[in-house]
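Report on the following structure.
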Amino acid sequence: MKKIIVVCIAIFMVGALCQAQSVDEIISKNLEVKGGAEKIRALKTIKANTKTGMGGMEIKGTMWFKHPNMFKMEMLISEKKMIFAFDGSVAWQVSPLTGSEDPQELTGQMAEMVKDNADMMDDPFLDYKKKGFKYELVGKEDMEGTQVFKLKLIKKSGKIVYFFLDAESFIEIKSIMTNKIGEQDITTEMFYGDYKEVAGVMYPHSIATKQNGQDQGTIVFESVEPNVELDDAFFKMPPAKKKTGQPQKKEK
């Protein structure tokens with residue numbers, strides 16, 4: 001009986017080790033295909049001019065990223081400038097369509113969703129162990145005729161993201177994450193395509209998004225500038241605008 005238990009433990013340990021090696025091998029090939037770890041580390045900032053097709057409209061915008069986790073996005077909707085940003089610790093927005101042009105700090109899951117955009121700059125596979133991330137190989141499956149590796153990312157916070165990597169090229173083509181907005185779970189699928197070289201790194205220039213299975217639009221990166229000068233203050237939430245008006249007269 002003891003011998004059977006020992007054999008079972010040995011088989012389990014070997015299986016776990018093989019899986020860990022397989023995950024590291026897949027991630028290593030992914031980084032290599034995208035240009036290599038050193039070139040990815042050298043990509044400190046990005047400025048991207050974008051257009052987004054959404055509900056029959058074409059929305060122009062600009063995104064800025066700064067390593068390791070700063071993000072800012074501006075969009076012009078109905079001649080109103082929308083801003084979403086994360087300065088490394090605080091997520092904020094300017095949303096005139098909600099009735100206010102003052103910057104507002106975001107909290108809860110809305111803040112988490114903005115922080116997730118900041119992760120787009122910092123490659124989720126690069127130095128993942130130093131970030132406190134853990135990857136598991138879920139398996140290999142078919143995705144609309146393409147064989148893919150399905151990897152499960154468990155972030156330090158406990159949040160889970162699934163990545164799907166093309167089994168031939170090892171490059172990521174899809175990710176899935178779930179956020180709770182109020183009482184509703186929102187599952188976001190992101191489809192990465194049109195990879196082009198940016199400072200020696202393969203970078204997706206098209207990202208299509210679905211939420212709970214419904215198309216939300218496609219972001220097309222019309223131009224991408226690497227390593228532009230960006231001060232940390234650029235990502236900070238500005239103070240509220242001063243109100244103008246006639247001063248009230250004091251009663252005698």
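All residue names refer to the structure tokens as shown: chains lettered A, B, ... in order, residues numbered from 1 in each chain, ligands numbered from 1 in order.
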Which neighbours of Met177 of chain A fall inside 7 Å, counting only C-alpha atoms, when residues of the same chain fewer than 6 positions from it are skipped, and could you give them as an mmCIF file with N, CA and C atoms, in the first residue's frame?
```cif
data_model
loop_
_atom_site.group_PDB
_atom_site.id
_atom_site.type_symbol
_atom_site.label_atom_id
_atom_site.label_comp_id
_atom_site.auth_asym_id
_atom_site.auth_seq_id
_atom_site.Cartn_x
_atom_site.Cartn_y
_atom_site.Cartn_z
ATOM 1 N N ILE A 160 -8.098 36.583 -12.235
ATOM 2 C CA ILE A 160 -7.758 35.563 -13.225
ATOM 3 C C ILE A 160 -8.007 36.098 -14.636
ATOM 4 N N VAL A 161 -7.020 35.879 -15.521
ATOM 5 C CA VAL A 161 -7.142 36.228 -16.936
ATOM 6 C C VAL A 161 -6.722 35.007 -17.742
ATOM 7 N N TYR A 162 -7.475 34.694 -18.777
ATOM 8 C CA TYR A 162 -7.113 33.591 -19.661
ATOM 9 C C TYR A 162 -6.525 34.148 -20.955
ATOM 10 N N THR A 187 -17.998 39.838 -18.689
ATOM 11 C CA THR A 187 -16.892 39.057 -19.250
ATOM 12 C C THR A 187 -16.430 39.730 -20.532
ATOM 13 N N THR A 188 -15.161 40.135 -20.544
ATOM 14 C CA THR A 188 -14.587 40.852 -21.686
ATOM 15 C C THR A 188 -13.643 39.946 -22.453
ATOM 16 N N GLU A 189 -13.898 39.806 -23.741
ATOM 17 C CA GLU A 189 -13.003 39.075 -24.639
ATOM 18 C C GLU A 189 -12.279 40.090 -25.523
#
```
Within 12 Å of Asn179 of chain A, counting only C-alpha atoms, which residues show up once you throw out same-chain ones fewer than 6 positions away? Write them as a list in words, please.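 These residues fall inside the cut-off: Gly108, Gln109, Met110, Ala111, Glu112, Met113, Val114, Lys115, Asp116, Lys159, Ile160, Val161, Asp185, Ile186, Thr187, Thr188, Glu189, Gln211 and Asn212 of chain A.
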Hey, what does DSSP flag as strand (DSSP E or B) within segment 2-241 of chain A? Can you give it to me as a PyMOL selection string? chain A and resi 45-54+57-66+70-77+80-86+91-94+104-105+134-143+146-154+160-166+172-181+184-198+201-211+214-226
Would you save the residues of that selection, restricted to C-alpha atoms, as a CSV table (one decimal), in the first residue's frame?
```csv
chain,number,residue,atom,x,y,z
A,45,THR,CA,6.7,54.3,-23.5
A,46,ILE,CA,4.2,54.2,-26.4
A,47,LYS,CA,2.0,56.8,-27.9
A,48,ALA,CA,-0.7,55.5,-30.2
A,49,ASN,CA,-3.2,57.3,-32.4
A,50,THR,CA,-6.4,55.2,-32.7
A,51,LYS,CA,-9.8,54.9,-34.3
A,52,THR,CA,-12.6,52.8,-32.9
A,53,GLY,CA,-15.5,51.5,-34.8
A,54,MET,CA,-18.5,51.5,-32.4
A,57,MET,CA,-19.5,55.6,-35.4
A,58,GLU,CA,-15.8,56.1,-35.9
A,59,ILE,CA,-14.2,57.5,-32.7
A,60,LYS,CA,-10.7,59.1,-32.9
A,61,GLY,CA,-8.5,58.9,-29.9
A,62,THR,CA,-5.0,58.8,-28.5
A,63,MET,CA,-3.4,56.4,-26.0
A,64,TRP,CA,-0.3,56.7,-24.0
A,65,PHE,CA,1.5,54.0,-22.0
A,66,LYS,CA,4.5,54.2,-19.7
A,70,MET,CA,0.8,54.1,-16.4
A,71,PHE,CA,-2.0,54.6,-18.9
A,72,LYS,CA,-4.0,57.5,-20.4
A,73,MET,CA,-6.6,57.5,-23.1
A,74,GLU,CA,-8.4,60.5,-24.7
A,75,MET,CA,-11.4,60.1,-27.1
A,76,LEU,CA,-13.6,62.7,-28.8
A,77,ILE,CA,-17.3,61.7,-28.6
A,80,LYS,CA,-16.7,66.1,-25.9
A,81,LYS,CA,-13.3,64.9,-24.7
A,82,MET,CA,-13.4,61.8,-22.6
A,83,ILE,CA,-10.3,60.8,-20.6
A,84,PHE,CA,-9.5,57.6,-18.7
A,85,ALA,CA,-6.2,57.3,-16.9
A,86,PHE,CA,-4.1,55.4,-14.3
A,91,ALA,CA,-7.5,55.6,-11.6
A,92,TRP,CA,-9.5,58.6,-12.8
A,93,GLN,CA,-11.7,59.9,-15.6
A,94,VAL,CA,-13.2,63.0,-17.2
A,104,GLN,CA,-13.2,62.2,-10.9
A,105,GLU,CA,-11.3,59.4,-9.1
A,134,LYS,CA,1.3,32.5,-11.7
A,135,TYR,CA,0.5,30.8,-15.0
A,136,GLU,CA,-1.1,27.4,-15.5
A,137,LEU,CA,-1.4,25.5,-18.7
A,138,VAL,CA,-5.1,24.7,-19.0
A,139,GLY,CA,-4.6,22.7,-22.2
A,140,LYS,CA,-4.7,22.8,-26.0
A,141,GLU,CA,-7.9,23.4,-27.8
A,142,ASP,CA,-9.5,24.4,-31.1
A,143,MET,CA,-10.6,28.0,-31.5
A,146,THR,CA,-7.0,27.4,-35.0
A,147,GLN,CA,-5.2,25.2,-32.4
A,148,VAL,CA,-4.4,27.3,-29.3
A,149,PHE,CA,-2.7,26.9,-26.0
A,150,LYS,CA,-5.0,28.1,-23.2
A,151,LEU,CA,-3.0,29.7,-20.3
A,152,LYS,CA,-4.5,30.8,-17.0
A,153,LEU,CA,-3.0,33.8,-15.4
A,154,ILE,CA,-3.5,34.3,-11.7
A,160,ILE,CA,-7.8,35.6,-13.2
A,161,VAL,CA,-7.1,36.2,-16.9
A,162,TYR,CA,-7.1,33.6,-19.7
A,163,PHE,CA,-4.8,33.9,-22.6
A,164,PHE,CA,-5.0,32.0,-25.9
A,165,LEU,CA,-1.8,31.6,-27.9
A,166,ASP,CA,-1.6,30.3,-31.4
A,172,GLU,CA,-1.4,35.7,-28.2
A,173,ILE,CA,-4.6,36.1,-30.2
A,174,LYS,CA,-7.2,36.3,-27.4
A,175,SER,CA,-7.7,37.1,-23.8
A,176,ILE,CA,-10.7,36.7,-21.4
A,177,MET,CA,-11.3,38.4,-18.1
A,178,THR,CA,-14.4,39.0,-15.9
A,179,ASN,CA,-15.2,42.1,-13.9
A,180,LYS,CA,-18.2,42.8,-11.6
A,181,ILE,CA,-19.9,46.1,-12.4
A,184,GLN,CA,-23.5,42.2,-13.0
A,185,ASP,CA,-20.5,40.1,-14.1
A,186,ILE,CA,-19.0,41.5,-17.3
A,187,THR,CA,-16.9,39.1,-19.3
A,188,THR,CA,-14.6,40.9,-21.7
A,189,GLU,CA,-13.0,39.1,-24.6
A,190,MET,CA,-10.2,40.8,-26.5
A,191,PHE,CA,-9.0,39.6,-29.9
A,192,TYR,CA,-5.5,40.7,-30.9
A,193,GLY,CA,-4.5,41.0,-34.6
A,194,ASP,CA,-2.6,42.8,-37.3
A,195,TYR,CA,0.8,42.5,-35.5
A,196,LYS,CA,3.4,44.9,-36.7
A,197,GLU,CA,6.9,45.7,-35.5
A,198,VAL,CA,7.4,48.6,-33.1
A,201,VAL,CA,8.8,44.3,-30.9
A,202,MET,CA,5.7,42.7,-32.5
A,203,TYR,CA,2.7,44.8,-31.3
A,204,PRO,CA,-1.0,44.2,-32.1
A,205,HIS,CA,-2.5,47.1,-34.2
A,206,SER,CA,-6.0,45.8,-34.0
A,207,ILE,CA,-8.0,44.8,-30.9
A,208,ALA,CA,-11.6,43.7,-31.2
A,209,THR,CA,-13.7,43.6,-28.0
A,210,LYS,CA,-16.7,41.6,-26.9
A,211,GLN,CA,-18.6,42.0,-23.6
A,214,GLN,CA,-21.8,41.3,-27.7
A,215,ASP,CA,-19.5,43.2,-30.1
A,216,GLN,CA,-18.2,46.4,-28.5
A,217,GLY,CA,-16.1,47.6,-31.4
A,218,THR,CA,-12.6,47.4,-32.7
A,219,ILE,CA,-9.6,49.6,-31.9
A,220,VAL,CA,-7.3,50.2,-34.8
A,221,PHE,CA,-3.8,51.6,-34.0
A,222,GLU,CA,-3.2,54.0,-37.0
A,223,SER,CA,0.2,55.0,-35.7
A,224,VAL,CA,2.4,53.9,-32.9
A,225,GLU,CA,5.4,55.9,-31.6
A,226,PRO,CA,7.8,54.1,-29.2
```
Distance in Å - atom CA of Gly55 of chain A versus atom CA of Ser100 of chain A: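 Separating atom CA of Gly55 of chain A from atom CA of Ser100 of chain A is a distance of 23.8 Å.
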Out of segment 1-197 of chain A, which residues get helix (DSSP H, G or I) from DSSP, as a ChimeraX atom specification? /A:2-33,37-42,96-98,108-118
Could you dump the residues just selected with C-alpha atoms as a compact mmCIF listing (two decimals), in the first residue's frame?
```
# COMPACT_ATOMS: atom_id res chain seq x y z
CA LYS A 2 2.79 2.39 0.95
CA LYS A 3 4.54 1.57 -2.31
CA ILE A 4 1.41 2.48 -4.30
CA ILE A 5 1.12 5.81 -2.44
CA VAL A 6 4.79 6.63 -3.10
CA VAL A 7 4.40 5.83 -6.80
CA CYS A 8 1.25 7.99 -7.04
CA ILE A 9 3.02 10.93 -5.35
CA ALA A 10 5.98 10.53 -7.71
CA ILE A 11 3.70 10.51 -10.76
CA PHE A 12 1.90 13.62 -9.49
CA MET A 13 5.18 15.49 -8.89
CA VAL A 14 6.55 14.58 -12.34
CA GLY A 15 3.28 15.63 -13.96
CA ALA A 16 3.31 18.99 -12.16
CA LEU A 17 6.95 19.54 -13.13
CA CYS A 18 6.26 18.75 -16.78
CA GLN A 19 3.35 21.19 -16.79
CA ALA A 20 5.51 23.94 -15.26
CA GLN A 21 8.20 23.29 -17.88
CA SER A 22 5.57 23.38 -20.64
CA VAL A 23 4.21 26.73 -19.41
CA ASP A 24 7.70 28.25 -19.25
CA GLU A 25 8.54 26.87 -22.70
CA ILE A 26 5.38 28.35 -24.23
CA ILE A 27 5.96 31.73 -22.58
CA SER A 28 9.62 31.74 -23.62
CA LYS A 29 8.65 31.10 -27.26
CA ASN A 30 5.97 33.79 -27.07
CA LEU A 31 8.52 36.39 -25.91
CA GLU A 32 11.02 35.24 -28.54
CA VAL A 33 8.46 35.55 -31.36
CA ALA A 37 12.74 39.92 -23.62
CA GLU A 38 15.44 42.60 -23.91
CA LYS A 39 13.69 44.50 -26.71
CA ILE A 40 10.39 44.30 -24.85
CA ARG A 41 12.05 45.70 -21.70
CA ALA A 42 13.54 48.53 -23.79
CA PRO A 96 -18.57 65.18 -19.83
CA LEU A 97 -21.32 62.93 -21.15
CA THR A 98 -22.23 62.14 -17.53
CA GLY A 108 -14.01 49.58 -7.31
CA GLN A 109 -14.33 47.60 -10.51
CA MET A 110 -14.33 50.69 -12.74
CA ALA A 111 -10.86 51.49 -11.41
CA GLU A 112 -9.80 47.88 -11.96
CA MET A 113 -10.92 48.02 -15.59
CA VAL A 114 -8.80 51.12 -16.21
CA LYS A 115 -5.83 49.45 -14.49
CA ASP A 116 -6.28 46.46 -16.81
CA ASN A 117 -5.64 48.79 -19.75
CA ALA A 118 -2.35 49.81 -18.15
```
Which residue of A:Lys156, A:Lys34, A:Lys236, A:Lys129 approaches Ala199 of chain A most closely, using only C-alpha atoms: A:Lys34
When you draw a straight line from atom CA of Ser95 of chain A to atom CA of Phe235 of chain A, how long is it in Å? 16.1 Å
